Each structure stands twice: as structure tokens, then as C-alpha cells.
Amino acid sequence: MTDAPLLDISGLRIAIADGRREHVAVENIDLEVSRGEILGLVGESGSGKSISMLSVMGLAPSTMRISGSIMFDGKEILGLPERHARKLRGRRIAMIFQNPMTALNPVLSIGRQIVEALMLHNPFWSSKQLRMRAIELLELVAIALPEKRFSQFPHELSGGMCQRVVIAIAVANDPDLLIADEPTTALDVTIQAQIVDLLNTLRREKNLAIVLITHDLGLVAGLADRVAILYSGRIAERGEVDDVFSVPRHPYTAGLLAAIPAINTDRSRLHVIDGTPPSIRARPPGCQFQPRCPISIPICKDRTPEFRWHGASMVACHRSAEVELIKGAVNDS
Ligand SMILES: Nc1ncnc2c1ncn2[C@@H]1O[C@H](COP(=O)(O)OP(=O)(O)O)[C@@H](O)[C@H]1O
Ligand SMILES: [Mg+2]
């Protein structure tokens with residue numbers, strides 16, 4: 001018997017109104033995350049990572065038309081009235097938004113900001129209770145001298161420490177699911193590693209499910225259990241990290257992997273996939289990756305590839321069965 005996933009997204013489609021036309025930003029997205037599991041959500045800028053997860057939070061702009069299904073803990077949450085969505089947000093599903101440096105309010109002490117997050121969902125706590133819990137949270141995210149830090153302002157803290165505070169606020173009410181949108185992008189490498197450790201600890205100790213949005217496949221390799229690779233608003237490939245990274249079945253995945261020095265065994269050259277993804281206003285018919293694909297065939301131009309299963313991996317490529325060819329194409333190009 002297997003437990004139903006905590007988050008189960010299927011057939012997610014997000015269309016953005018543009019005058020009388022609409023552009024499809026995200027289509028046919030299927031994702032699952034279980035408790036205690038980390039899912040890496042990877043893709044180039046504009047591939048739809050943030051808006052997909054904002055729609056889980058019920059925070060997508062109202063100009064977007066969202067359809068499909070987002071099940072959370074067994075209940076449909078897509079289209080939930082705002083007053084119900086607000087109860088889920090912060091309490092059961094929390095998000096670390098992109099741009100950590102703007103996430104904190106510069107004129108409030110960090111203690112105050114944590115307390116406000118706590119008060120939203122615990123209106124009857126005393127100020128003593130709130131303060132104690134806030135200090136506990138600062139300890140949880142490994143901030144030294146939490147009593148002192150409590151009354152300091154964001155500008156008195158380093159970037160890495162600010163990001164810890166952002167994480168403390170996100171997990172303040174013990175959520176079941178944490179969505180972290182590029183949580184380490186603005187930080188230097190050492191601090192990145194510390195934040196990664198922190199996320200891993202939270203997952204282990206709190207059985208927290210995490211969606212880790214990143215374009216850093218190295219980070220996914222080190223932290224995530226499963227990975228979903230997005231390309232132009234669609235899933236190119238998803239599966240267990242070990243499976244996908246050892247045998248990529250989508251040429252886009254293979255290209256991305258070849259571009260990571262730590263994973264790429266041939267360190268003499270760094271592979272970069274030529275070209276850029278199509279604009280949301282001019283997406284080609286057929287496979288979105290076709291214009292950049294080193295192994296495309298005529299059908300790729302005409303027909304959107306259906307998902308195919310290979311073991312536990314799901315792949316949208318007409319040639320996903322031809323593993324050796326995909327590997328070879330990346331090495332040759
Ligand atoms: N508020 C918005 N209004 C209009 N288009 C948007 C908005 N937010 C995102 N988009 C478009 O939706 C697509 C996906 O964006 P996003 O989810 O931010 O990508 P990612 O997080 O993967 O970089 C992009 O084409 C982007 O231009
Ligand atoms: Mg984004």
C-alpha cells in the first residue's frame with residue numbers, strides 16, 4: 001500500500017490573457033510530492049516554474065486562467081475561495097519567494113517579522129509565547145545569539161542570515177509543504193551549502209515535503225529525491241534523481257547534465273545547449289525543444305510528444321527509447 005502524495009498536480013494548464021489572445025504559459029504539468037520528500041523543479045528562466053508553484057499557493061495573478069487539478073493532502077485546492085486558501089498558506093503550505101533580499105521588511109526587526117507570521121495563525125498566543133517560539137525558530141535555522149538577533153533589523157544581518165530568517169518565517173507554523181523558489185541563487189557558494197544543509201535538516205526532522213525550484217542541477221543532485229525538468233511550460237522528463245541523472249532520456253536533460261562540471265566526466269569542455277527557448281508568444285507546434293534538438297526527426301516538428309514511462313521516469317520525447325543516441329548526440333555536439 002502506498003500513501004497518496006501530499007501534493008498531486010495533474011494536467012495543470014496556465015494561460016495568460018494578452019488583449020483578446022491568450023498565451024499558454026504552462027501545459028500538461030503532472031507532479032507529485034510526498035511527505036519528507038524533496039522534488040527538484042528545474043528549467044531555464046521562463047519555463048513556468050514560479051507560476052506553477054504560485055498557483056499551488058493560490059497566488060497566481062488573476063489575469064491567469066488556471067485549469068487542471070492541484071490536490072493537497074487529498075483535497076482539491078485549485079480554485080479554492082480566497083478565505084480558505086489563506087488558511088492553507090503559511091499554515092500548511094509555505095513558500096520562500098524568489099528574490100530573498102526583498103522578502104524581509106527593512107523597517108521591522110526580524111523578531112517582529114517572525115512574530116507576525118506566527119500571529120497570523122495563532123491569534124491567541126501571548127506575547128511571551130510568541131517571542132519564545134520566534135527564538136526557537138531562530139535556533140532551528142541555526143542563527144547564533146538568537147536573543148540578540150531577535151531585535152536586529154535586516155540590514156544588520158548578512159545575506160545568508162537573512163535567507164535563514166526567511167526560511168524561519170516560512171516554517172514558523174510548521175507547514176507540511178515548503179516551496180523554495182531559487183533559495184540559494186543570490187548567495188555565495190559557502191552560504192549556499194549551508195542553506196542546503198538547513199533544508200535537508202528540516203526535511204529530516206520535520207518530515208517536510210519540499211519543492212526546490214532551481215536551475216542548478218548540481219543542487220538537485222545533492223539534495224533532491226526526485227526531479228522534474230521543465231521546458232517551455234511542459235515537463236520534458238521527470239523521475240527519481242538517480243535514474244534521470246544516470247540515464248537521461250530527454251536530449252534537453254542530457255544537455256543540461258553535460259553542462260555541469262561536477263557531473264560531466266569530461267571536464268575538458270563545458271557543454272552548453274545552443275539557442276534559447278521559444279518565447280511564450282511564438283511557441284512552435286510539435287516538440288518545443290525541436291529547434292534546439294540535436295537528434296530531432298520530422299515527427300518532432302509536427303507532433304507534441306506524449307509522455308512515455310520508462311521504469312519510474314516519465315519522458316516527453318519521440319526518441320526517449322534511444323538512450324545511446326541521446327547520450328551520443330550530446331557528446332558530439
Ligand atoms: N505576472 C505575469 N504576467 C504575464 N506573464 C507572466 C507573469 N508571470 C510570468 N509570466 C510569464 O509566464 C512564463 C513563465 O514564467 P515563470 O513561471 O516566472 O518562469 P520561471 O520561474 O520558470 O523562470 C514566462 O513566459 C513569463 O513571461
Ligand atoms: Mg521563477
# chains A, B, ... in the order shown; residues from 1 in each chain; ligands from 1
>>> residues_near_ligand(ligand="ligand 2", cutoff="12 Å", atoms="only C-alpha atoms and all ligand atoms", output="PyMOL selection string")
chain A and resi 41-54+96-99+179-183+185+212-215+230+233
>>> residues_around(residues="Ala228 in chain A", least_positions_apart="5", cutoff="8 Å", atoms="only C-alpha atoms", output="list in words")
Leu31, Leu39, Gly40, Leu41, Val42, Ile235, Ala236, Glu237, Arg238 and Gly239 of chain A
>>> write_last_selection(atoms="C-alpha atoms", output="CSV table (one decimal), in the first residue's frame")
chain,number,residue,atom,x,y,z
A,31,LEU,CA,3.8,16.5,-10.4
A,39,LEU,CA,11.4,17.4,-5.5
A,40,GLY,CA,13.7,19.5,-7.7
A,41,LEU,CA,11.9,21.6,-10.2
A,42,VAL,CA,14.3,22.6,-12.9
A,235,ILE,CA,7.6,18.6,-18.4
A,236,ALA,CA,10.4,17.2,-20.6
A,237,GLU,CA,11.3,14.5,-18.1
A,238,ARG,CA,10.7,13.5,-14.5
A,239,GLY,CA,11.7,10.7,-12.2
>>> closest_residue(among="A:Met71, A:Lys327, A:Leu219, A:His318", to="Asn200 in chain A", atoms="only C-alpha atoms")
A:Leu219
>>> residues_around(residues="Ala142 in chain A", least_positions_apart="5", cutoff="9 Å", atoms="only C-alpha atoms", output="list of chain:residue names")
A:Leu137, A:Arg164, A:Leu198
>>> select_by_dssp(residues="range 186-259 of chain A", states="strand (DSSP E or B)", output="PyMOL selection string")
chain A and resi 209-214+226-231+234-240
>>> write_last_selection(atoms="C-alpha atoms", output="short mmCIF file (atom, residue, chain, number, x, y, z; two decimals), in the first residue's frame")
data_model
loop_
_atom_site.label_atom_id
_atom_site.label_comp_id
_atom_site.auth_asym_id
_atom_site.auth_seq_id
_atom_site.Cartn_x
_atom_site.Cartn_y
_atom_site.Cartn_z
CA ALA A 209 7.98 17.99 1.79
CA ILE A 210 9.97 20.47 -0.29
CA VAL A 211 9.64 21.66 -3.86
CA LEU A 212 13.03 23.10 -4.69
CA ILE A 213 12.89 25.40 -7.69
CA THR A 214 16.31 25.88 -9.21
CA ARG A 226 13.07 13.30 -7.48
CA VAL A 227 13.36 15.80 -10.27
CA ALA A 228 11.09 17.32 -12.88
CA ILE A 229 12.68 19.08 -15.84
CA LEU A 230 10.52 21.77 -17.39
CA TYR A 231 10.98 23.12 -20.87
CA ARG A 234 5.92 21.47 -20.20
CA ILE A 235 7.58 18.60 -18.44
CA ALA A 236 10.38 17.21 -20.55
CA GLU A 237 11.31 14.49 -18.10
CA ARG A 238 10.67 13.54 -14.52
CA GLY A 239 11.67 10.72 -12.24
CA GLU A 240 13.99 9.64 -9.47
#
>>> residues_around(residues="range 288-305 of chain A", least_positions_apart="4", cutoff="9 Å", atoms="only C-alpha atoms", output="list in words")
Tyr231, Ser232, Arg234, Ala236, Pro251, Tyr252, Ile273, Asp274, Gly275, Thr276, Pro277, Pro278, Arg283, Pro284, Val315, Ala316, Cys317, His318, Arg319, Leu325, Ile326, Ala329, Val330 and Ser333 of chain A
>>> write_last_selection(atoms="N, CA and C atoms", output="short mmCIF file (atom, residue, chain, number, x, y, z; two decimals), in the first residue's frame")
data_model
loop_
_atom_site.label_atom_id
_atom_site.label_comp_id
_atom_site.auth_asym_id
_atom_site.auth_seq_id
_atom_site.Cartn_x
_atom_site.Cartn_y
_atom_site.Cartn_z
N TYR A 231 10.50 22.37 -19.72
CA TYR A 231 10.98 23.12 -20.87
C TYR A 231 9.79 23.81 -21.51
N SER A 232 9.85 25.12 -21.61
CA SER A 232 8.77 25.89 -22.24
C SER A 232 7.40 25.50 -21.71
N ARG A 234 6.31 22.87 -20.23
CA ARG A 234 5.92 21.47 -20.20
C ARG A 234 6.99 20.64 -19.51
N ALA A 236 9.60 17.97 -19.58
CA ALA A 236 10.38 17.21 -20.55
C ALA A 236 10.62 15.81 -19.99
N PRO A 251 16.77 14.68 -24.66
CA PRO A 251 18.02 15.35 -25.06
C PRO A 251 18.25 16.66 -24.32
N TYR A 252 17.18 17.31 -23.86
CA TYR A 252 17.35 18.54 -23.08
C TYR A 252 17.98 18.22 -21.73
N ILE A 273 23.85 24.02 -24.24
CA ILE A 273 22.92 23.79 -25.35
C ILE A 273 22.76 25.10 -26.12
N ASP A 274 23.00 25.04 -27.41
CA ASP A 274 22.85 26.24 -28.24
C ASP A 274 21.41 26.71 -28.27
N GLY A 275 21.24 28.01 -28.42
CA GLY A 275 19.90 28.57 -28.62
C GLY A 275 19.21 28.91 -27.31
N THR A 276 17.99 29.37 -27.46
CA THR A 276 17.18 29.73 -26.29
C THR A 276 15.78 29.16 -26.47
N PRO A 277 15.04 29.02 -25.38
CA PRO A 277 13.67 28.52 -25.52
C PRO A 277 12.80 29.51 -26.30
N PRO A 278 11.75 29.01 -26.97
CA PRO A 278 10.88 29.91 -27.71
C PRO A 278 10.15 30.87 -26.78
N ARG A 283 5.36 29.99 -29.62
CA ARG A 283 5.77 28.61 -29.40
C ARG A 283 5.46 27.79 -30.63
N PRO A 284 6.43 27.00 -31.08
CA PRO A 284 6.22 26.23 -32.31
C PRO A 284 5.26 25.07 -32.07
N VAL A 315 8.80 10.59 -19.64
CA VAL A 315 9.57 11.39 -20.59
C VAL A 315 8.70 11.81 -21.77
N ALA A 316 8.84 13.06 -22.19
CA ALA A 316 8.11 13.54 -23.36
C ALA A 316 9.10 13.79 -24.49
N CYS A 317 9.48 12.71 -25.15
CA CYS A 317 10.38 12.84 -26.30
C CYS A 317 10.06 11.68 -27.24
N HIS A 318 9.95 11.98 -28.55
CA HIS A 318 9.66 10.92 -29.50
C HIS A 318 10.75 9.86 -29.54
N ARG A 319 11.95 10.23 -29.08
CA ARG A 319 13.07 9.29 -29.18
C ARG A 319 13.56 8.82 -27.82
N LEU A 325 21.71 6.93 -28.33
CA LEU A 325 21.70 8.01 -29.32
C LEU A 325 21.67 9.37 -28.62
N ILE A 326 20.86 9.46 -27.56
CA ILE A 326 20.72 10.72 -26.83
C ILE A 326 22.05 11.08 -26.17
N ALA A 329 24.57 12.10 -28.90
CA ALA A 329 24.28 13.39 -29.53
C ALA A 329 24.85 14.53 -28.70
N VAL A 330 24.74 14.40 -27.39
CA VAL A 330 25.23 15.45 -26.51
C VAL A 330 26.76 15.52 -26.56
N SER A 333 27.90 17.08 -30.03
CA SER A 333 27.52 18.41 -30.48
C SER A 333 28.43 19.49 -29.92
#
>>> residues_around(residues="Pro146 in chain A", least_positions_apart="6", cutoff="10 Å", atoms="only C-alpha atoms", output="mmCIF file with C-alpha atoms, in the first residue's frame")
data_model
loop_
_atom_site.group_PDB
_atom_site.id
_atom_site.type_symbol
_atom_site.label_atom_id
_atom_site.label_comp_id
_atom_site.auth_asym_id
_atom_site.auth_seq_id
_atom_site.Cartn_x
_atom_site.Cartn_y
_atom_site.Cartn_z
ATOM 1 C CA GLY A 111 11.885 39.105 15.609
ATOM 2 C CA ALA A 134 10.365 33.034 17.465
ATOM 3 C CA ILE A 135 13.627 32.457 19.296
ATOM 4 C CA GLU A 136 13.176 28.724 18.960
ATOM 5 C CA LEU A 137 12.771 29.239 15.217
ATOM 6 C CA LEU A 138 15.952 31.301 15.001
ATOM 7 C CA GLU A 139 17.709 28.424 16.745
ATOM 8 C CA LEU A 140 16.133 25.959 14.359
ATOM 9 C CA GLN A 152 18.001 43.440 14.975
#
>>> select_by_dssp(residues="range 88-252 of chain A", states="alpha helix (DSSP H)", output="ChimeraX atom specification")
/A:88,110-121,127-140,146-150,159-170,189-206,217-223,241-246,251-252
>>> residues_around(residues="Thr63 in chain A", least_positions_apart="5", cutoff="12 Å", atoms="only C-alpha atoms", output="list in words")
Ile14, Ala15, Ile16, Ala17, Asp18, Gly19, Glu22, His23 and Ile51 of chain A
>>> write_last_selection(atoms="C-alpha atoms", output="mmCIF file, in the first residue's frame")
data_model
loop_
_atom_site.group_PDB
_atom_site.id
_atom_site.type_symbol
_atom_site.label_atom_id
_atom_site.label_comp_id
_atom_site.auth_asym_id
_atom_site.auth_seq_id
_atom_site.Cartn_x
_atom_site.Cartn_y
_atom_site.Cartn_z
ATOM 1 C CA ILE A 14 -1.947 28.187 -17.085
ATOM 2 C CA ALA A 15 -2.990 30.629 -19.785
ATOM 3 C CA ILE A 16 -2.129 34.310 -19.661
ATOM 4 C CA ALA A 17 -4.529 36.809 -21.183
ATOM 5 C CA ASP A 18 -2.927 39.247 -23.612
ATOM 6 C CA GLY A 19 -5.573 41.534 -25.054
ATOM 7 C CA GLU A 22 -4.148 34.138 -24.637
ATOM 8 C CA HIS A 23 -0.749 32.569 -24.333
ATOM 9 C CA ILE A 51 3.854 30.469 -11.788
#
>>> closest_residue(among="A:Ala4, A:Met64, A:Ala117, A:Met95", to="ligand 1", atoms="only C-alpha atoms and all ligand atoms")
A:Met64
>>> decode(residues="range 134-150 of chain A", atoms="N, CA and C atoms", output="PDB file, in the first residue's frame")
ATOM      1  N   ALA A 134       9.530  32.366  18.476  1.00  0.00           N
ATOM      2  CA  ALA A 134      10.365  33.034  17.465  1.00  0.00           C
ATOM      3  C   ALA A 134      11.843  32.726  17.716  1.00  0.00           C
ATOM      4  N   ILE A 135      12.220  32.737  18.969  1.00  0.00           N
ATOM      5  CA  ILE A 135      13.627  32.457  19.296  1.00  0.00           C
ATOM      6  C   ILE A 135      13.968  30.995  19.009  1.00  0.00           C
ATOM      7  N   GLU A 136      13.014  30.135  19.298  1.00  0.00           N
ATOM      8  CA  GLU A 136      13.176  28.724  18.960  1.00  0.00           C
ATOM      9  C   GLU A 136      13.401  28.557  17.452  1.00  0.00           C
ATOM     10  N   LEU A 137      12.641  29.332  16.673  1.00  0.00           N
ATOM     11  CA  LEU A 137      12.771  29.239  15.217  1.00  0.00           C
ATOM     12  C   LEU A 137      14.134  29.739  14.741  1.00  0.00           C
ATOM     13  N   LEU A 138      14.615  30.811  15.360  1.00  0.00           N
ATOM     14  CA  LEU A 138      15.952  31.301  15.001  1.00  0.00           C
ATOM     15  C   LEU A 138      17.004  30.239  15.316  1.00  0.00           C
ATOM     16  N   GLU A 139      16.793  29.521  16.416  1.00  0.00           N
ATOM     17  CA  GLU A 139      17.709  28.424  16.745  1.00  0.00           C
ATOM     18  C   GLU A 139      17.598  27.309  15.710  1.00  0.00           C
ATOM     19  N   LEU A 140      16.364  27.031  15.339  1.00  0.00           N
ATOM     20  CA  LEU A 140      16.133  25.959  14.359  1.00  0.00           C
ATOM     21  C   LEU A 140      16.894  26.220  13.055  1.00  0.00           C
ATOM     22  N   VAL A 141      16.935  27.472  12.622  1.00  0.00           N
ATOM     23  CA  VAL A 141      17.645  27.770  11.379  1.00  0.00           C
ATOM     24  C   VAL A 141      19.113  28.150  11.646  1.00  0.00           C
ATOM     25  N   ALA A 142      19.580  27.760  12.827  1.00  0.00           N
ATOM     26  CA  ALA A 142      20.992  27.871  13.191  1.00  0.00           C
ATOM     27  C   ALA A 142      21.523  29.303  13.178  1.00  0.00           C
ATOM     28  N   ILE A 143      20.742  30.216  13.717  1.00  0.00           N
ATOM     29  CA  ILE A 143      21.235  31.576  13.897  1.00  0.00           C
ATOM     30  C   ILE A 143      21.768  31.702  15.324  1.00  0.00           C
ATOM     31  N   ALA A 144      23.054  32.047  15.413  1.00  0.00           N
ATOM     32  CA  ALA A 144      23.680  32.173  16.728  1.00  0.00           C
ATOM     33  C   ALA A 144      23.148  33.420  17.441  1.00  0.00           C
ATOM     34  N   LEU A 145      23.193  33.411  18.752  1.00  0.00           N
ATOM     35  CA  LEU A 145      22.723  34.519  19.582  1.00  0.00           C
ATOM     36  C   LEU A 145      21.306  34.971  19.208  1.00  0.00           C
ATOM     37  N   PRO A 146      20.375  34.055  19.201  1.00  0.00           N
ATOM     38  CA  PRO A 146      19.030  34.385  18.722  1.00  0.00           C
ATOM     39  C   PRO A 146      18.354  35.511  19.507  1.00  0.00           C
ATOM     40  N   GLU A 147      18.647  35.589  20.822  1.00  0.00           N
ATOM     41  CA  GLU A 147      18.035  36.641  21.651  1.00  0.00           C
ATOM     42  C   GLU A 147      18.444  38.024  21.138  1.00  0.00           C
ATOM     43  N   LYS A 148      19.716  38.106  20.759  1.00  0.00           N
ATOM     44  CA  LYS A 148      20.240  39.372  20.275  1.00  0.00           C
ATOM     45  C   LYS A 148      19.697  39.658  18.869  1.00  0.00           C
ATOM     46  N   ARG A 149      19.716  38.629  18.035  1.00  0.00           N
ATOM     47  CA  ARG A 149      19.254  38.796  16.647  1.00  0.00           C
ATOM     48  C   ARG A 149      17.788  39.205  16.594  1.00  0.00           C
ATOM     49  N   PHE A 150      17.031  38.721  17.546  1.00  0.00           N
ATOM     50  CA  PHE A 150      15.585  38.975  17.592  1.00  0.00           C
ATOM     51  C   PHE A 150      15.257  40.451  17.368  1.00  0.00           C
TER      52      PHE A 150
END
